[in-house]
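These notes are about the structure you will find just below.
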Amino acid sequence: MMRNILLIIFSFFFLISCENEDIDKGYVIEINEKYELIYPNNFPELTFDTIKYPITKNGVKLGKMLFYEGKLSRDNTISCGSCHIQEFAFTHHGHNVSHGIEGKLGIRNAPAIQNLAFAKNFMWDGVIHDLTRQSLAPISDVNEMDSTIEEIVSKLKKEEKYKSSFRAAFGSNEINGEKILIALGQFMAVMISSNSKFDQFLSGNISLTENEQKGYEIFQQKCSTCHSGTLQTDESFRNTGHYYNSQYADGGRFRVTLDSIDFMKFKVPSLRNIELTAPYMHDGRYYSLEAVLNFYSEGVQDNKNLDPLLKQNGRIGIPISNQEKNYLLDFLKTLTDQDFITNKNFAEF
Amino acid sequence: MNLIKNITIKSILSVLTIFCIISCNSDDDYAEINDGETGKIQLKFENGFDNLGPIVLNQTTQTSSNHQKHKFSTLKYIISNIVLIDEKGEEFRYHYNNPDKGAFIVNQENAIANVVYIDLDEIPQNKYTKIRFGLGINPDSYLLGHDGQAIFWDKAKTEGMTWSWATGYIFAKLEGFYGENSIENPFQNHTGNMGDALANGTANLYREITLNLPTTARVTNQIKPAIHILANLNQFLSGENQLILDESNQNAMGSSEHLQKVSDNLAKMFRVDHVHND
């Protein structure tokens, strides 16, 4: 009897000590294989620096854990995945601007997370140039996650699963900010959407319907100067004649350069999975794609910074007939990638 | 020895079971409805144009079904007599015909990220499947007299939602600009009853609206549901009454025929987009 009780007490101590102390138990480090990025030939050149930040299977796995980790926010309630929801191509569907901790509101519509390994800069104003630094912005923003790297490191250090995951990804138990950011960067870098109907069309596997084809032709004539290339963005910043929304006091690129010529310029977004990412524009001011097309045909407001492409031949905006809009909508829906939004490798559960 | 061993195992098991029960209970608490206890609920009003986007004052420009462009510079309306209806059809009336406690002004100027919030407390814990509310102030409430609603009257007065007492409340205040090509003609449409509508023999513009909730709103100790209501302001000019603004009605105050049509249109503008149970 006594022996049993002692045994139980002893094992309790053992369990407790395991949880609290940082003992290197001499685990064999998991083999950390390289993660091969697979994408079509017609995609732009990779911008993610895989020499500086080699992408590994364990790094991506850790990045995904962190992406869905509420402890990245001050009150443990908001993860990256709270506003970047897979079913909606990693946007915050139905929310014009993002909601952070304690119900606080941000100023911008959460952009899609997809094909970022090919992007030259990030955010609606392009303030960030390195995907492994991107996560710092939402983590530290007082209206989003309102936390700090120090706070996150101290929370993660208390969890056994992170010790082993950091070890598997980076070879040592140590948890630090640099590793957190790089792991998140690796996860986001592998989030490639490349199997839409449009991709299959480009690779010659299928053909578009007559209406989609017409839409594609109109798109090439009227939209593809800015929405250029396979990812439908030239990554420029443009003033498209949208009013300044005083609710959010957001001047766009002006916030970065403080040059008045950049007032109300925003980054041309990729149109991948656009069917799924309503509401639209930097502040979610349009409920639907129809509203966006109506804006470009009828609603563009002239101003001194208006992009010259939107005032050609003495007309403000882009002339698009109602019939053309229907064709364009048919085409835009070919950019939806079901594989991407259901891919288990990116899913929370 | 064996007996003692059994007792030890049994006591460990019972301790474990108790822990399990405790943890199960705390899960249940979250969704558990306690009869006789109250909770909170939040109404979120988002004013928008259905096929366009949320309304930003002086900015969002819409074209009506009669091809009139228009935008709002002021957009306010009174919500009152909120009723929550449960699965069995039983109604909880929130300060019914008591404007001081049960009437609210939805003012687009106060929108935060395009949403105007109304917080209601002391709501009986229950699963609610419908909501009903009034647009404007019920004539019966008005009959309480000024003393019976001095707090709300003052609030409404500060918000510019009253005429004099004899004339009564402004139920909905829609102001802005309209035009065919350029949008420069001002309009002011203020709907409301002319005092005691029954005694004065004037039209009653108070309307009640019942909406189904797409998911049940569950009020518990832990859950404060938020009911997100979209108001589609296309109804103003492009509702069941397709209206054209012109010199005859661009400055309309009271309960004229035009404003009766506006009221009927506005009564159809609401729908519940979603409910958050958290």
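Chain labels run A, B, ... following the order of the structure tokens; each chain numbers its residues from 1, and ligands are numbered from 1 in the order shown.
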Go through chain B and flag each residue having an atom no more than 10 Å from chain A; for those, report the closest pair of atoms plus their distance in Å to one decimal, using only C-alpha atoms, ordered by chain and rising number, as a Markdown table.
```
| residue | atom | partner | partner_atom | distance |
| --- | --- | --- | --- | --- |
| B:Met1 | CA | A:Met1 | CA | 6.9 |
| B:Asn2 | CA | A:Met1 | CA | 9.2 |
| B:Ile4 | CA | A:Met1 | CA | 7.0 |
| B:Lys5 | CA | A:Met1 | CA | 6.8 |
| B:Thr8 | CA | A:Met1 | CA | 8.7 |
| B:Gly48 | CA | A:Tyr287 | CA | 9.0 |
| B:Phe49 | CA | A:Tyr287 | CA | 8.7 |
| B:Asp50 | CA | A:Tyr287 | CA | 7.3 |
| B:Asn51 | CA | A:Ala291 | CA | 6.1 |
| B:Leu52 | CA | A:Ala291 | CA | 4.8 |
| B:Gly53 | CA | A:Tyr286 | CA | 4.1 |
| B:Pro54 | CA | A:Arg285 | CA | 6.1 |
| B:Ile55 | CA | A:Arg285 | CA | 8.3 |
| B:Val56 | CA | A:Asn245 | CA | 7.6 |
| B:Leu57 | CA | A:Asn245 | CA | 9.5 |
| B:Asn58 | CA | A:Tyr243 | CA | 9.8 |
| B:Gln59 | CA | A:Tyr243 | CA | 6.8 |
| B:Thr60 | CA | A:Tyr243 | CA | 8.6 |
| B:Thr61 | CA | A:Gly299 | CA | 7.8 |
| B:Gln62 | CA | A:Gly299 | CA | 9.1 |
| B:Thr63 | CA | A:Glu298 | CA | 10.0 |
| B:Glu109 | CA | A:Gln247 | CA | 9.6 |
| B:Asn110 | CA | A:Gln247 | CA | 9.8 |
| B:Ala111 | CA | A:Gln247 | CA | 8.5 |
| B:Ile112 | CA | A:Gln247 | CA | 7.3 |
| B:Ala113 | CA | A:Gln247 | CA | 6.9 |
| B:Asn114 | CA | A:Asn96 | CA | 8.4 |
| B:Asp273 | CA | A:Gly94 | CA | 9.7 |
| B:His274 | CA | A:Gly94 | CA | 9.9 |
```
Margin query: Quick one: residues within 8 Å of A:Tyr216, only C-alpha atoms, excluding same-chain residues fewer than 6 positions away - as a VMD selection string?
Written below: chain A and resid 327 to 328 331
Once you have the residues from the selection above, write them out as a PDB file, in the first residue's frame, restricted to N, CA and C atoms.
```
ATOM      1  N   TYR A 327     -20.075  39.173 -68.846  1.00  0.00           N
ATOM      2  CA  TYR A 327     -18.985  38.324 -69.336  1.00  0.00           C
ATOM      3  C   TYR A 327     -17.781  38.386 -68.393  1.00  0.00           C
ATOM      4  N   LEU A 328     -17.483  39.610 -67.927  1.00  0.00           N
ATOM      5  CA  LEU A 328     -16.333  39.766 -67.015  1.00  0.00           C
ATOM      6  C   LEU A 328     -16.540  38.951 -65.741  1.00  0.00           C
ATOM      7  N   PHE A 331     -15.825  35.435 -66.357  1.00  0.00           N
ATOM      8  CA  PHE A 331     -14.382  35.183 -66.402  1.00  0.00           C
ATOM      9  C   PHE A 331     -13.783  35.202 -64.999  1.00  0.00           C
TER      10      PHE A 331
END
```
Notebook entry, point to check: Leaving out stretch 203-210 of chain B and any residue of its chain fewer than 3 positions from it, which residues lie within 8 Å of it when counting only C-alpha atoms, given as a PyMOL selection string?
Noted result: chain B and resi 130-139+171+191-194+197-198+255-256+260+263-264+267-268+270
Item checked: Distance of atom CA of A:Leu329 from atom CA of A:Gln114, expressed in Å to one decimal place -> 20.8 Å
Note to self: Can you pull out the residues contacting B:Leu84? Cut-off 12 Å, using only C-alpha atoms, and skip same-chain residues under 5 positions away; I want them as a VMD selection string.
What the structure shows: chain B and resid 41 to 43 89 to 96 120 123 to 133 209 to 213 216 to 219 227
Keeping C-alpha atoms for every residue in the selection just given, could you write it to a file as a tab-separated table (two decimals), in the first residue's frame?
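Ended up saving to part_14.tsv:
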```
chain	number	residue	atom	x	y	z
B	41	ILE	CA	-28.03	41.03	-26.60
B	42	GLN	CA	-26.62	43.43	-29.16
B	43	LEU	CA	-28.27	44.77	-32.30
B	89	GLY	CA	-43.70	31.99	-30.35
B	90	GLU	CA	-43.58	33.52	-26.90
B	91	GLU	CA	-42.62	37.16	-26.86
B	92	PHE	CA	-40.29	39.15	-24.68
B	93	ARG	CA	-41.13	42.85	-25.00
B	94	TYR	CA	-38.22	45.16	-24.28
B	95	HIS	CA	-39.57	48.27	-22.51
B	96	TYR	CA	-42.59	48.24	-24.79
B	120	LEU	CA	-29.86	45.63	-24.68
B	123	ILE	CA	-32.93	39.98	-21.56
B	124	PRO	CA	-34.41	36.71	-20.23
B	125	GLN	CA	-32.11	33.82	-21.08
B	126	ASN	CA	-33.67	31.97	-23.98
B	127	LYS	CA	-33.24	30.86	-27.57
B	128	TYR	CA	-34.76	33.52	-29.78
B	129	THR	CA	-35.72	32.90	-33.39
B	130	LYS	CA	-37.36	36.19	-34.42
B	131	ILE	CA	-37.09	39.87	-33.70
B	132	ARG	CA	-39.69	42.56	-34.13
B	133	PHE	CA	-39.17	46.28	-33.79
B	209	ILE	CA	-41.11	44.94	-38.77
B	210	THR	CA	-40.69	41.24	-37.94
B	211	LEU	CA	-37.51	39.48	-39.04
B	212	ASN	CA	-36.51	35.83	-38.85
B	213	LEU	CA	-33.08	35.09	-37.43
B	216	THR	CA	-31.01	31.15	-33.14
B	217	ALA	CA	-29.80	33.91	-30.83
B	218	ARG	CA	-28.92	32.15	-27.59
B	219	VAL	CA	-28.84	34.41	-24.53
B	227	ILE	CA	-27.86	40.31	-34.37
```
Next item on the list: Taking the chain letters and numbering used in this document, name the residues of stretch 57-186 of chain B that DSSP puts in strand (DSSP E), as a PyMOL selection string.
Entry: chain B and resi 62-63+69-86+91-94+104-107+116-124+126-135+172-179+185-186
Next item on the list: Return as a PyMOL selection string the full set of residues in stretch 193-343 of chain A whose backbone-based DSSP assignment is helix (DSSP H, G or I).
Entry: chain A and resi 197-202+210-222+254-257+260-262+274-276+289-299+308-310+322-335+338-342
Next item on the list: Write out as JSON, numbers by chain the residues lying within 9 Å of A:Ile320, counting only C-alpha atoms and excluding same-chain residues fewer than 5 positions away.
Entry: {"A": [218, 222, 293, 294, 296, 297, 298, 325]}
Next item on the list: Do a neighbour search on B:Ala172 at 7 Å with only C-alpha atoms, toss out local chain neighbours closer than 3 positions, and write the hits as a PyMOL selection string.
Entry: chain B and resi 76-78+190-191
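Nearest-residue note for A:Ser73: choosing from A:Met145, A:Met123, A:Lys333, A:Phe340, the minimum distance belongs to A:Met145, counting only C-alpha atoms.
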Next item on the list: Select, from A:Gln134, A:Gly241, A:Lys71, A:Ile78, the residue with the minimum atom-to-atom distance to A:Glu159, counting only C-alpha atoms.
Entry: A:Lys71
Next item on the list: Mind checking which residues fall within 12 Å of B:Thr158, counting only C-alpha atoms, ignoring those fewer than 5 positions away in the same chain, and posting them as a PyMOL selection string?
Entry: chain B and resi 105+151-153+163+169
Dump N, CA and C atoms for the selected residues as a CSV table (one decimal), in the first residue's frame?
```csv
chain,number,residue,atom,x,y,z
B,105,ILE,N,-31.9,55.7,-31.4
B,105,ILE,CA,-31.8,56.4,-32.7
B,105,ILE,C,-30.6,55.8,-33.4
B,151,ILE,N,-37.0,61.8,-21.2
B,151,ILE,CA,-35.6,61.5,-21.4
B,151,ILE,C,-35.3,61.3,-22.9
B,152,PHE,N,-36.2,60.4,-23.5
B,152,PHE,CA,-36.0,60.1,-24.9
B,152,PHE,C,-36.3,61.4,-25.8
B,153,TRP,N,-37.3,62.1,-25.4
B,153,TRP,CA,-37.6,63.3,-26.2
B,153,TRP,C,-36.4,64.2,-26.2
B,163,TRP,N,-40.0,67.5,-34.0
B,163,TRP,CA,-40.5,68.9,-34.3
B,163,TRP,C,-40.9,69.4,-32.9
B,169,TYR,N,-42.4,63.4,-33.1
B,169,TYR,CA,-41.1,62.9,-33.5
B,169,TYR,C,-40.9,62.8,-35.0
```
